[in-house]
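Content type mmCIF, C-alpha atoms and all ligand atoms, from the file final_14.cif:
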data_my_file
loop_
_atom_site.label_atom_id
_atom_site.label_comp_id
_atom_site.auth_asym_id
_atom_site.auth_seq_id
_atom_site.Cartn_x
_atom_site.Cartn_y
_atom_site.Cartn_z
CA MET K 25 0.00 0.00 0.00
CA LYS K 26 1.29 3.48 -0.91
CA GLN K 27 2.14 5.58 2.11
CA LEU K 28 3.96 8.47 0.41
CA LEU K 29 1.41 10.92 -0.98
CA LEU K 30 2.47 13.12 -3.88
CA THR K 31 1.03 16.55 -4.65
CA ARG K 32 -0.64 17.08 -8.05
CA GLU K 33 2.50 18.71 -9.44
CA GLU K 34 4.66 15.86 -8.12
CA GLU K 35 2.25 13.36 -9.74
CA LYS K 36 2.78 15.10 -13.09
CA ILE K 37 6.54 14.83 -12.73
CA PHE K 38 6.11 11.19 -11.72
CA ASP K 39 4.08 10.55 -14.89
CA GLY K 40 6.79 12.08 -17.08
CA GLU K 41 5.03 15.35 -17.97
CA ARG K 42 8.17 17.34 -17.02
CA GLY K 43 10.58 15.16 -18.99
CA GLU K 44 12.46 11.90 -18.59
CA ALA K 45 15.23 13.13 -16.25
CA ALA K 46 12.77 14.65 -13.77
CA LYS K 47 10.68 11.46 -13.96
CA ILE K 48 13.74 9.31 -13.08
CA ALA K 49 14.61 11.70 -10.25
CA ILE K 50 11.18 11.78 -8.58
CA ARG K 51 10.72 8.04 -8.96
CA LEU K 52 14.02 7.48 -7.17
CA LEU K 53 12.95 9.80 -4.33
CA TYR K 54 9.55 8.13 -4.20
CA SER K 55 11.10 4.65 -3.81
CA LEU K 56 13.49 5.84 -1.11
CA GLY K 57 10.66 7.59 0.70
CA GLU K 58 8.48 4.47 0.64
CA LEU K 59 11.38 2.40 1.98
CA GLY K 60 12.09 4.92 4.75
CA GLY K 61 8.42 5.28 5.76
CA ALA K 62 8.01 8.91 4.61
CA SER K 63 4.49 10.23 4.03
CA ARG K 64 5.51 13.20 1.88
CA LEU K 65 8.35 14.99 0.11
CA ILE K 66 9.59 18.19 1.77
CA PRO K 67 11.42 21.16 0.19
CA ILE K 68 15.18 21.39 0.64
CA LYS K 69 17.45 24.43 0.84
CA SER K 70 20.53 22.86 -0.79
CA ALA K 71 22.15 19.70 -2.12
CA HIS K 72 25.70 18.38 -2.23
CA ILE K 73 26.73 15.74 -4.75
CA SER K 74 29.37 13.02 -4.38
CA GLY K 75 30.43 10.63 -7.14
CA VAL K 76 32.48 13.08 -9.15
CA SER K 77 35.86 11.43 -9.63
CA TYR K 78 36.12 9.21 -12.71
CA LYS K 79 38.19 6.91 -10.49
CA ASN K 80 35.07 6.31 -8.35
CA ILE K 81 32.13 6.32 -10.77
CA GLY K 82 33.67 5.03 -14.02
CA GLU K 83 31.76 4.55 -17.28
CA GLY K 84 28.55 3.36 -15.59
CA GLY K 85 28.40 6.59 -13.60
CA ILE K 86 28.79 8.71 -16.74
CA GLN K 87 25.93 6.88 -18.42
CA PHE K 88 23.66 7.46 -15.41
CA LEU K 89 24.58 11.18 -15.37
CA ARG K 90 23.75 11.55 -19.08
CA LYS K 91 20.30 10.06 -18.43
CA ILE K 92 19.47 12.22 -15.43
CA SER K 93 21.01 15.47 -16.76
CA HIS K 94 18.53 18.26 -15.86
CA LYS K 95 18.87 21.73 -14.30
CA VAL K 96 19.02 21.65 -10.50
CA SER K 97 16.46 23.69 -8.60
CA VAL K 98 18.41 24.48 -5.39
CA PRO K 99 22.02 25.61 -4.72
CA THR K 100 24.09 22.49 -5.29
CA SER K 101 27.78 21.90 -4.61
CA LEU K 102 30.07 19.15 -5.85
CA ASN K 103 32.64 16.81 -4.26
CA PRO K 104 36.33 16.59 -5.29
CA LEU K 105 37.42 14.99 -8.57
CA GLY K 106 40.54 13.20 -9.76
CA PHE K 107 42.91 16.16 -10.26
CA ASP K 108 43.37 19.91 -9.77
CA ILE K 109 41.68 21.37 -12.86
CA GLU K 110 43.52 24.70 -12.89
CA HIS K 111 47.01 23.67 -11.78
CA GLY K 112 47.25 19.92 -12.45
CA GLY K 113 48.40 17.20 -10.01
CA PRO K 114 48.73 15.81 -7.45
CA VAL K 115 50.00 13.05 -9.77
CA THR K 116 50.39 12.57 -13.50
CA ILE K 117 47.31 11.13 -15.15
CA ASP K 118 46.74 9.69 -18.59
CA GLU K 119 44.84 11.52 -21.30
CA GLY K 120 41.90 9.08 -21.22
CA PHE K 121 41.32 9.69 -17.49
CA HIS K 122 41.53 13.46 -18.04
CA ARG K 123 38.99 13.38 -20.89
CA LYS K 124 36.50 11.21 -19.00
CA GLN K 125 36.86 13.32 -15.84
CA MET K 126 36.18 16.56 -17.75
CA GLU K 127 33.16 14.97 -19.41
CA ILE K 128 31.72 14.34 -15.92
CA VAL K 129 32.50 17.93 -14.87
CA GLU K 130 30.79 19.32 -18.00
CA ILE K 131 27.63 17.29 -17.35
CA TYR K 132 27.43 18.69 -13.81
CA ARG K 133 28.14 22.23 -15.04
CA LYS K 134 25.28 22.01 -17.57
CA MET K 135 22.98 21.05 -14.71
CA GLY K 136 23.83 24.34 -12.97
CA ILE K 137 25.92 22.76 -10.20
CA MET K 138 28.66 24.97 -8.76
CA ASP K 139 32.37 24.34 -9.38
CA SER K 140 33.07 23.74 -5.69
CA PHE K 141 34.88 20.37 -5.97
CA THR K 142 35.21 20.00 -2.22
CA CYS K 143 34.02 17.77 0.61
CA THR K 144 33.87 20.81 2.93
CA PRO K 145 31.42 22.96 0.91
CA TYR K 146 30.27 24.48 4.22
CA TYR K 147 33.38 26.69 3.97
CA PHE K 148 32.33 29.48 1.54
CA TYR K 149 30.23 27.55 -1.04
CA ASN K 150 27.17 26.02 0.52
CA GLU K 151 26.72 26.70 4.23
CA PRO K 152 23.48 25.38 5.71
CA ALA K 153 21.86 26.89 8.81
CA PHE K 154 20.48 25.21 11.90
CA GLY K 155 17.21 23.40 11.09
CA ASP K 156 17.59 23.59 7.28
CA HIS K 157 16.36 20.52 5.42
CA ILE K 158 19.01 19.61 2.85
CA SER K 159 19.97 16.61 0.75
CA TRP K 160 23.66 15.88 0.91
CA ALA K 161 25.90 13.06 -0.19
CA GLU K 162 29.58 12.74 0.96
CA SER K 163 29.39 10.94 4.28
CA SER K 164 31.98 13.09 6.12
CA ALA K 165 30.10 16.29 5.24
CA ILE K 166 26.73 14.74 6.13
CA ILE K 167 27.90 13.92 9.68
CA TYR K 168 29.51 17.35 10.02
CA VAL K 169 26.47 19.41 9.02
CA ASN K 170 23.99 17.25 10.96
CA SER K 171 26.14 17.27 14.10
CA LEU K 172 28.00 20.58 14.18
CA ILE K 173 25.49 22.84 12.40
CA GLY K 174 22.17 21.15 13.15
CA ALA K 175 21.12 21.06 9.48
CA ARG K 176 19.04 18.01 8.54
CA THR K 177 20.02 15.45 5.93
CA ASN K 178 19.88 11.70 5.61
CA ARG K 179 22.98 9.87 4.41
CA GLU K 180 22.24 10.33 0.73
CA SER K 181 24.10 8.68 -2.13
CA GLY K 182 25.32 10.67 -5.15
CA PRO K 183 22.25 9.66 -7.23
CA SER K 184 19.67 10.38 -4.49
CA ALA K 185 21.20 13.79 -3.65
CA LEU K 186 21.21 14.60 -7.37
CA ALA K 187 17.56 13.55 -7.66
CA SER K 188 16.72 15.86 -4.75
CA ALA K 189 18.72 18.70 -6.32
CA ILE K 190 16.63 18.36 -9.51
CA ILE K 191 13.24 18.11 -7.79
CA GLY K 192 14.15 20.47 -4.90
CA LYS K 193 12.70 18.01 -2.38
CA THR K 194 13.56 14.99 -0.27
CA PRO K 195 11.48 12.31 1.50
CA ASP K 196 10.52 13.36 5.04
CA HIS K 197 11.97 10.60 7.22
CA GLY K 198 15.02 9.65 9.29
CA LEU K 199 17.29 12.58 10.13
CA HIS K 200 14.70 15.12 8.96
CA ARG K 201 12.65 14.35 12.06
CA ASP K 202 13.54 14.86 15.74
CA GLU K 203 13.08 11.18 16.58
CA GLY K 204 15.70 10.22 13.98
CA ARG K 205 18.30 12.46 15.62
CA ARG K 206 18.31 11.10 19.18
CA ALA K 207 21.46 9.59 20.66
CA SER K 208 21.01 6.01 21.81
CA VAL K 209 24.56 5.41 23.12
CA VAL K 210 26.58 7.47 25.60
CA VAL K 211 30.34 7.36 25.00
CA ASN K 212 32.45 8.46 27.98
CA VAL K 213 35.95 9.48 26.90
CA ASP K 214 38.44 9.87 29.73
CA GLU K 215 40.69 12.63 28.31
CA PRO K 216 40.38 15.60 25.91
CA LEU K 217 41.37 14.53 22.38
CA ASP K 218 43.09 16.47 19.59
CA TYR K 219 42.45 16.21 15.80
CA THR K 220 44.19 12.88 15.19
CA LYS K 221 42.96 11.29 18.44
CA LEU K 222 39.38 12.31 17.59
CA ALA K 223 39.91 10.66 14.20
CA ALA K 224 41.11 7.54 16.05
CA LEU K 225 38.00 7.71 18.25
CA GLY K 226 35.92 7.68 15.06
CA LEU K 227 37.78 4.65 13.69
CA TYR K 228 37.32 2.85 17.02
CA LEU K 229 33.63 3.68 17.49
CA GLY K 230 32.43 3.23 13.89
CA PRO K 231 32.38 -0.60 13.78
CA LYS K 232 31.08 -0.78 17.39
CA LEU K 233 28.13 1.58 16.86
CA ASN K 234 27.39 0.69 13.22
CA LYS K 235 24.53 3.18 12.79
CA LEU K 236 23.62 4.19 16.35
CA ILE K 237 23.94 7.90 17.11
CA PRO K 238 26.32 8.54 20.03
CA LEU K 239 26.43 11.31 22.65
CA ILE K 240 30.15 11.78 23.33
CA LYS K 241 31.07 13.03 26.79
CA GLY K 242 34.38 14.42 28.06
CA GLN K 243 35.13 16.64 25.02
CA LYS K 244 33.69 19.98 26.12
CA LYS K 245 36.64 21.90 24.64
CA ALA K 246 36.56 20.19 21.23
CA LYS K 247 36.74 22.63 18.30
CA SER K 248 34.77 22.29 15.05
CA ILE K 249 37.95 21.72 13.06
CA ASP K 250 38.94 18.79 15.26
CA LEU K 251 35.42 17.36 15.21
CA LYS K 252 35.68 17.41 11.41
CA ALA K 253 38.28 14.63 11.81
CA LEU K 254 35.86 12.63 13.97
CA SER K 255 33.10 13.15 11.36
CA ALA K 256 35.27 11.78 8.57
CA ALA K 257 36.58 8.75 10.48
CA LEU K 258 33.11 7.78 11.75
CA SER K 259 31.72 8.16 8.24
CA ALA K 260 34.39 5.84 6.80
CA THR K 261 33.82 3.02 9.27
CA SER K 262 30.05 3.09 9.88
CA SER K 263 26.66 4.25 8.62
CA ILE K 264 26.32 6.74 11.48
CA PRO K 265 24.66 9.94 10.20
CA MET K 266 25.49 12.22 13.15
CA PHE K 267 26.90 12.45 16.68
CA HIS K 268 26.33 14.74 19.63
CA VAL K 269 29.07 16.14 21.87
CA ASP K 270 27.97 17.00 25.38
CA GLY K 271 27.92 20.78 25.84
CA VAL K 272 29.25 21.45 22.31
CA THR K 273 26.93 20.45 19.44
CA PRO K 274 23.58 22.23 19.10
CA GLU K 275 21.26 19.26 19.72
CA TYR K 276 23.21 17.35 22.38
CA GLN K 277 20.16 17.21 24.62
CA LEU K 278 18.32 14.94 22.12
CA ILE K 279 18.85 11.57 23.80
CA SER K 280 16.74 8.43 24.15
CA ASP K 281 15.49 7.27 27.59
CA SER K 282 17.84 4.40 28.42
CA PRO K 283 20.99 4.69 26.32
CA GLU K 284 23.73 2.09 26.26
CA VAL K 285 27.07 3.24 27.73
CA ILE K 286 30.57 2.73 26.28
CA ASN K 287 33.77 3.87 28.01
CA VAL K 288 36.83 4.77 25.94
CA GLY K 289 40.26 5.40 27.44
CA SER K 290 43.64 6.46 26.12
CA SER K 291 44.73 2.83 25.61
CA GLU K 292 41.91 2.23 23.06
CA ILE K 293 42.88 5.43 21.23
CA GLU K 294 46.62 4.58 21.13
CA GLU K 295 45.91 1.01 20.00
CA THR K 296 43.66 2.27 17.19
CA ILE K 297 46.34 4.66 15.97
CA SER K 298 49.02 1.99 15.94
CA LYS K 299 46.69 -0.61 14.32
CA ASN K 300 46.01 1.84 11.46
CA SER K 301 49.62 2.86 10.97
CA SER K 302 52.38 1.18 9.02
CA GLN K 303 55.94 1.57 10.31
CA GLU K 304 57.30 2.28 6.83
CA GLU K 305 58.90 5.59 5.97
CA PRO K 306 56.47 7.69 3.88
CA GLU K 307 57.27 8.96 0.38
CA LEU K 308 54.52 11.55 0.72
CA ILE K 309 53.00 13.52 3.61
CA ALA K 310 49.36 14.30 2.72
CA ILE K 311 47.14 16.54 4.85
CA GLY K 312 43.59 17.65 4.14
CA CYS K 313 41.12 14.78 4.38
CA PRO K 314 38.57 16.31 4.84
CA HIS K 315 39.63 19.43 2.92
CA LEU K 316 41.39 22.06 5.00
CA ALA K 317 39.84 25.26 6.40
CA PRO K 318 41.73 28.60 6.10
CA GLU K 319 42.78 28.45 9.77
CA GLU K 320 44.30 24.98 9.25
CA LEU K 321 46.37 26.29 6.32
CA GLU K 322 47.43 29.25 8.47
CA TYR K 323 48.44 26.92 11.30
CA ILE K 324 50.56 24.77 8.95
CA ALA K 325 52.09 27.91 7.42
CA GLN K 326 53.27 28.93 10.90
CA LEU K 327 54.90 25.51 11.37
CA VAL K 328 56.94 25.79 8.15
CA LYS K 329 57.61 29.53 7.94
CA GLY K 330 61.30 30.21 7.34
CA LYS K 331 62.14 26.48 7.57
CA ARG K 332 63.86 24.25 5.01
CA LYS K 333 62.01 21.30 3.52
CA VAL K 334 63.58 17.85 3.52
CA GLY K 335 62.43 14.29 2.88
CA PRO K 336 59.07 13.21 1.43
CA ASP K 337 56.81 15.32 -0.79
CA PHE K 338 54.41 17.51 1.19
CA PHE K 339 50.88 17.90 -0.23
CA LEU K 340 47.90 19.73 1.25
CA PHE K 341 44.31 19.50 -0.05
CA THR K 342 41.56 22.10 0.10
CA SER K 343 39.10 23.98 -2.10
CA ARG K 344 39.69 26.91 -4.47
CA ASP K 345 37.83 29.38 -2.26
CA VAL K 346 39.67 28.34 0.89
CA LYS K 347 42.96 28.70 -1.03
CA ALA K 348 41.93 32.17 -2.14
CA ASN K 349 41.02 33.14 1.42
CA ALA K 350 44.33 31.91 2.83
CA ARG K 351 46.58 33.31 0.09
CA ASP K 352 49.44 34.32 2.40
CA ALA K 353 49.48 30.94 4.13
CA VAL K 354 49.48 29.14 0.76
CA ARG K 355 52.43 31.29 -0.39
CA THR K 356 54.38 30.48 2.80
CA ILE K 357 53.73 26.75 2.38
CA GLU K 358 54.73 26.85 -1.30
CA ASN K 359 57.90 28.83 -0.50
CA PHE K 360 58.76 26.09 1.98
CA GLY K 361 58.42 23.49 -0.80
CA GLY K 362 54.92 22.12 -0.13
CA LYS K 363 52.08 22.03 -2.68
CA VAL K 364 48.49 23.06 -2.03
CA PHE K 365 45.95 21.40 -4.32
CA ALA K 366 42.31 22.33 -4.90
CA ASP K 367 39.49 20.37 -6.61
CA THR K 368 40.88 16.95 -5.67
CA CYS K 369 41.97 14.85 -2.70
CA MET K 370 44.42 12.18 -1.60
CA VAL K 371 41.78 9.44 -1.89
CA VAL K 372 39.90 10.25 -5.12
CA SER K 373 42.99 11.16 -7.18
CA PRO K 374 45.00 8.24 -8.58
CA LEU K 375 47.76 8.74 -5.98
CA SER K 376 49.15 5.24 -6.49
CA ASN K 377 50.34 6.33 -9.98
CA SER K 378 53.29 7.89 -8.10
CA TYR K 379 53.25 6.90 -4.41
CA ALA K 380 53.09 3.67 -2.41
CA LYS K 381 53.69 4.98 1.13
CA THR K 382 51.80 7.95 2.54
CA GLY K 383 51.83 9.67 5.93
CA THR K 384 48.64 11.43 7.06
CA ASN K 385 46.81 12.70 10.14
CA SER K 386 43.44 11.67 8.64
CA GLY K 387 41.61 8.69 10.09
CA LYS K 388 39.43 8.47 6.99
CA ALA K 389 42.45 8.42 4.67
CA SER K 390 44.19 5.86 6.90
CA PHE K 391 41.12 3.66 6.40
CA TYR K 392 40.70 4.09 2.62
CA LEU K 393 44.23 4.51 1.24
CA PRO K 394 45.40 0.96 2.05
CA LEU K 395 42.40 -0.53 0.18
CA LYS K 396 43.13 -1.95 -3.27
CA GLY K 397 40.60 0.17 -5.18
CA TYR K 398 41.72 3.36 -3.46
CA GLY K 399 45.48 3.35 -3.67
CA ASN K 400 46.92 0.19 -2.10
CA GLN K 401 49.09 2.43 0.09
CA LYS K 402 51.12 1.73 3.19
CA VAL K 403 49.87 4.48 5.49
CA ALA K 404 51.61 6.07 8.45
CA PHE K 405 48.74 7.55 10.55
CA MET K 406 49.99 10.08 13.11
CA GLY K 407 49.50 13.57 14.55
CA ILE K 408 50.52 16.66 12.64
CA MET K 409 53.61 17.39 14.76
CA ASP K 410 54.95 13.88 14.09
CA LEU K 411 54.23 14.26 10.36
CA MET K 412 56.09 17.57 10.28
CA LYS K 413 59.23 15.86 11.62
CA TRP K 414 59.52 14.08 8.24
CA VAL K 415 59.58 17.30 6.21
CA VAL K 416 61.01 20.09 8.36
CA ALA K 417 64.83 20.22 8.63
FE1 LIG V 501 37.16 14.61 1.47
FE2 LIG V 501 38.50 13.06 -0.12
FE3 LIG V 501 38.71 12.78 2.48
S1 LIG V 501 36.43 13.70 -0.40
S2 LIG V 501 36.77 13.43 3.31
S3 LIG V 501 39.36 14.55 1.29
S4 LIG V 501 38.44 11.14 1.02
#

As structure tokens, the full file:
Amino acid sequence: MKQLLLTREEEKIFDGERGEAAKIAIRLLYSLGELGGASRLIPIKSAHISGVSYKNIGEGGIQFLRKISHKVSVPTSLNPLGFDIEHGGPVTIDEGFHRKQMEIVEIYRKMGIMDSFTCTPYYFYNEPAFGDHISWAESSAIIYVNSLIGARTNRESGPSALASAIIGKTPDHGLHRDEGRRASVVVNVDEPLDYTKLAALGLYLGPKLNKLIPLIKGQKKAKSIDLKALSAALSATSSIPMFHVDGVTPEYQLISDSPEVINVGSSEIEETISKNSSQEEPELIAIGCPHLAPEELEYIAQLVKGKRKVGPDFFLFTSRDVKANARDAVRTIENFGGKVFADTCMVVSPLSNSYAKTGTNSGKASFYLPLKGYGNQKVAFMGIMDLMKWVVA
């Protein structure tokens, strides 16, 4: 029995009166809504699309995009792709990959999607507000905007976020409703954690919680930038759509009546870091998964200012607008001998064309880079100060 009721205009789209692409889009939303128990579609303020790198979506993805190509009806941003369009890199790619990647970019451009090419579109491009209903793909950004901003999105896939961008609506279920946002597990952490340790907490908790929303206690001083690392690591290892941090995130008081309790101490964090880290000397230090904020670039610039670079290559990843807003920091890092890339990232670019051993402070990258389809890398996962020891004389 149908439970999702469409308006008359939505029925017309469903019946194909607004064209084939819109029909495919609304039918996809309808099916997802029926599965999720939604009774209606609700308007969204923005969308964010993943599935941009040719490395990830391949020929099948291009064919799907051609079929569904249609103007979007809300502001829509786009995830990173396989290389830096304006400046090239981070590694050499073949002509076939370049051509296919640009074909994908052109399809998205024709749809009216912005050239953001970042997994942190909430810096400058597409910043939702508390309570906004949105439809976002890119799991690390989904957790971040649900948790840190209080915007409302389910964990959408590239195709479902694109369908929502075209129709301007999403099914009203899951994270769009208060009951879908309650914590059902309390996680007591016994010491304040920095960026890399929060990433390790995410790697540790992901498989344990699977999709349960946690309320994390003991991190009252955690900053948004550090919680971005937790967002990414949790997103890589679980289906969790959001977390709450006691006293920090805007909806931390949303908690179910009798939550489970998990205690995490420094030994679990240290063990997770060492389990995810190879002992091999890196050929490349890569920072910026998720993409860096201006203040992170400024922090790194301070660490390298006036110093001499040695050892492995030193690559940072961010978006074009963040680069433009941190121009001085970028210049300092480039004078030191580092490279700052936009549009792409260490995971979706074909890094293994040139590197086999990478050092990073990203829990998400430490999870993906060793996988065969993502780079087959030996990864040294460690804090930023330890990474800097490889490159600063
Ligand atoms: Fe972003 Fe790429 Fe990491 S999309 S979260 S930098 S894997």

Can you list, as a list in words, every protein, DNA or RNA residue that comes within 6 Å of Lys193 in chain K when you count all atoms listed in the file, leaving out same-chain residues fewer than 6 positions away?
Leu65, Ile66, Pro67 and Ile68 of chain K

Near-ligand residues for ligand LIG 501 (chain V), threshold 9 Å, all atoms listed in the file, as a PDB file with C-alpha atoms, keeping the file's coordinate frame:
ATOM      1  CA  SER K  74      29.370  13.020  -4.380  1.00  0.00           C
ATOM      2  CA  ASN K 103      32.640  16.810  -4.260  1.00  0.00           C
ATOM      3  CA  PRO K 104      36.330  16.590  -5.290  1.00  0.00           C
ATOM      4  CA  LEU K 105      37.420  14.990  -8.570  1.00  0.00           C
ATOM      5  CA  PHE K 141      34.880  20.370  -5.970  1.00  0.00           C
ATOM      6  CA  THR K 142      35.210  20.000  -2.220  1.00  0.00           C
ATOM      7  CA  CYS K 143      34.020  17.770   0.610  1.00  0.00           C
ATOM      8  CA  THR K 144      33.870  20.810   2.930  1.00  0.00           C
ATOM      9  CA  GLU K 162      29.580  12.740   0.960  1.00  0.00           C
ATOM     10  CA  SER K 163      29.390  10.940   4.280  1.00  0.00           C
ATOM     11  CA  SER K 164      31.980  13.090   6.120  1.00  0.00           C
ATOM     12  CA  ALA K 165      30.100  16.290   5.240  1.00  0.00           C
ATOM     13  CA  ALA K 253      38.280  14.630  11.810  1.00  0.00           C
ATOM     14  CA  SER K 255      33.100  13.150  11.360  1.00  0.00           C
ATOM     15  CA  ALA K 256      35.270  11.780   8.570  1.00  0.00           C
ATOM     16  CA  ALA K 257      36.580   8.750  10.480  1.00  0.00           C
ATOM     17  CA  SER K 259      31.720   8.160   8.240  1.00  0.00           C
ATOM     18  CA  ALA K 260      34.390   5.840   6.800  1.00  0.00           C
ATOM     19  CA  ILE K 311      47.140  16.540   4.850  1.00  0.00           C
ATOM     20  CA  GLY K 312      43.590  17.650   4.140  1.00  0.00           C
ATOM     21  CA  CYS K 313      41.120  14.780   4.380  1.00  0.00           C
ATOM     22  CA  PRO K 314      38.570  16.310   4.840  1.00  0.00           C
ATOM     23  CA  HIS K 315      39.630  19.430   2.920  1.00  0.00           C
ATOM     24  CA  LEU K 316      41.390  22.060   5.000  1.00  0.00           C
ATOM     25  CA  PHE K 341      44.310  19.500  -0.050  1.00  0.00           C
ATOM     26  CA  THR K 342      41.560  22.100   0.100  1.00  0.00           C
ATOM     27  CA  THR K 368      40.880  16.950  -5.670  1.00  0.00           C
ATOM     28  CA  CYS K 369      41.970  14.850  -2.700  1.00  0.00           C
ATOM     29  CA  MET K 370      44.420  12.180  -1.600  1.00  0.00           C
ATOM     30  CA  VAL K 371      41.780   9.440  -1.890  1.00  0.00           C
ATOM     31  CA  VAL K 372      39.900  10.250  -5.120  1.00  0.00           C
ATOM     32  CA  SER K 373      42.990  11.160  -7.180  1.00  0.00           C
ATOM     33  CA  SER K 386      43.440  11.670   8.640  1.00  0.00           C
ATOM     34  CA  LYS K 388      39.430   8.470   6.990  1.00  0.00           C
ATOM     35  CA  ALA K 389      42.450   8.420   4.670  1.00  0.00           C
ATOM     36  CA  TYR K 392      40.700   4.090   2.620  1.00  0.00           C
ATOM     37  CA  LEU K 393      44.230   4.510   1.240  1.00  0.00           C
TER      38      LEU K 393
END

I'd like the neighbourhood of Phe154 in chain K as a PyMOL selection string, where a residue qualifies if any of its atoms comes within 6 Å (using all atoms listed in the file), though same-chain residues fewer than 3 positions away should be ignored.
chain K and resi 173-175

I need the chosen residues saved as a PDB file, in the frame of the given file, with C-alpha atoms.
ATOM      1  CA  ILE K 173      25.490  22.840  12.400  1.00  0.00           C
ATOM      2  CA  GLY K 174      22.170  21.150  13.150  1.00  0.00           C
ATOM      3  CA  ALA K 175      21.120  21.060   9.480  1.00  0.00           C
TER       4      ALA K 175
END

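Between CA of Ser248 in chain K and CA of Pro145 in chain K the interatomic distance comes to 14.5 Å.
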
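For the residues K:Ser159, K:Asn385, K:Asn300, K:Ser77, ranking by smallest atom-to-atom distance to Arg123 in chain K using only C-alpha atoms places K:Ser77 first.
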
Using all atoms listed in the file, which protein or nucleic acid residues come within 9 Å of Glu275 in chain K? Drop anything in the same chain fewer than 6 positions from it, and give the result as a CSV table (one decimal) with C-alpha atoms, in the coordinates of the input.
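Dumped everything to out-v3.csv:
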chain,number,residue,atom,x,y,z
K,171,SER,CA,26.1,17.3,14.1
K,172,LEU,CA,28.0,20.6,14.2
K,174,GLY,CA,22.2,21.2,13.2
K,205,ARG,CA,18.3,12.5,15.6
K,206,ARG,CA,18.3,11.1,19.2
K,268,HIS,CA,26.3,14.7,19.6
K,269,VAL,CA,29.1,16.1,21.9

Hey, what's within 9 Å of range 127-137 of chain K if we count only C-alpha atoms and toss same-chain stuff fewer than 5 positions away? As an MDAnalysis selection string, please?
chainID K and resid 73 76:78 85:86 89:90 93:97 99:102 105 122 190

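Minimum atom-to-atom distance to Glu305 in chain K, evaluated using all atoms listed in the file, belongs to K:Thr382 out of K:Thr273, K:Thr382, K:Asn349, K:Thr31.
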
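For the pair CA of Val98 in chain K and CA of Arg64 in chain K, the separation is 18.6 Å.
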
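Coordinates place CA of Ile50 in chain K at a distance of 23.5 Å from CA of Glu83 in chain K.
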
I'd like the neighbourhood of range 213-226 of chain K as an MDAnalysis selection string, where a residue qualifies if any of its atoms comes within 6 Å (using all atoms listed in the file), though same-chain residues fewer than 6 positions away should be ignored.
chainID K and resid 242:243 250 253:254 257:258 288:289 293 296:297 385 387 407

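Distance annotation: of K:Ala350, K:Met409, K:Val416, K:Ile117, the residue with the minimal separation from Phe338 in chain K is K:Val416; atom set is all atoms listed in the file.
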
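When only C-alpha atoms are used to compute distances to Ile240 in chain K, the closest of the residues K:Ile264, K:Val209, K:Ile37, K:Leu227 turns out to be K:Val209.
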
Using all atoms listed in the file, the shortest atom-to-atom distance to Leu52 in chain K among K:Leu186, K:Val415, K:Val346, K:Ala207 belongs to K:Leu186

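Nearest-residue note for Lys396 in chain K: choosing from K:Ile166, K:Leu375, K:Met412, K:Leu340, the minimum distance belongs to K:Leu375, counting only C-alpha atoms.
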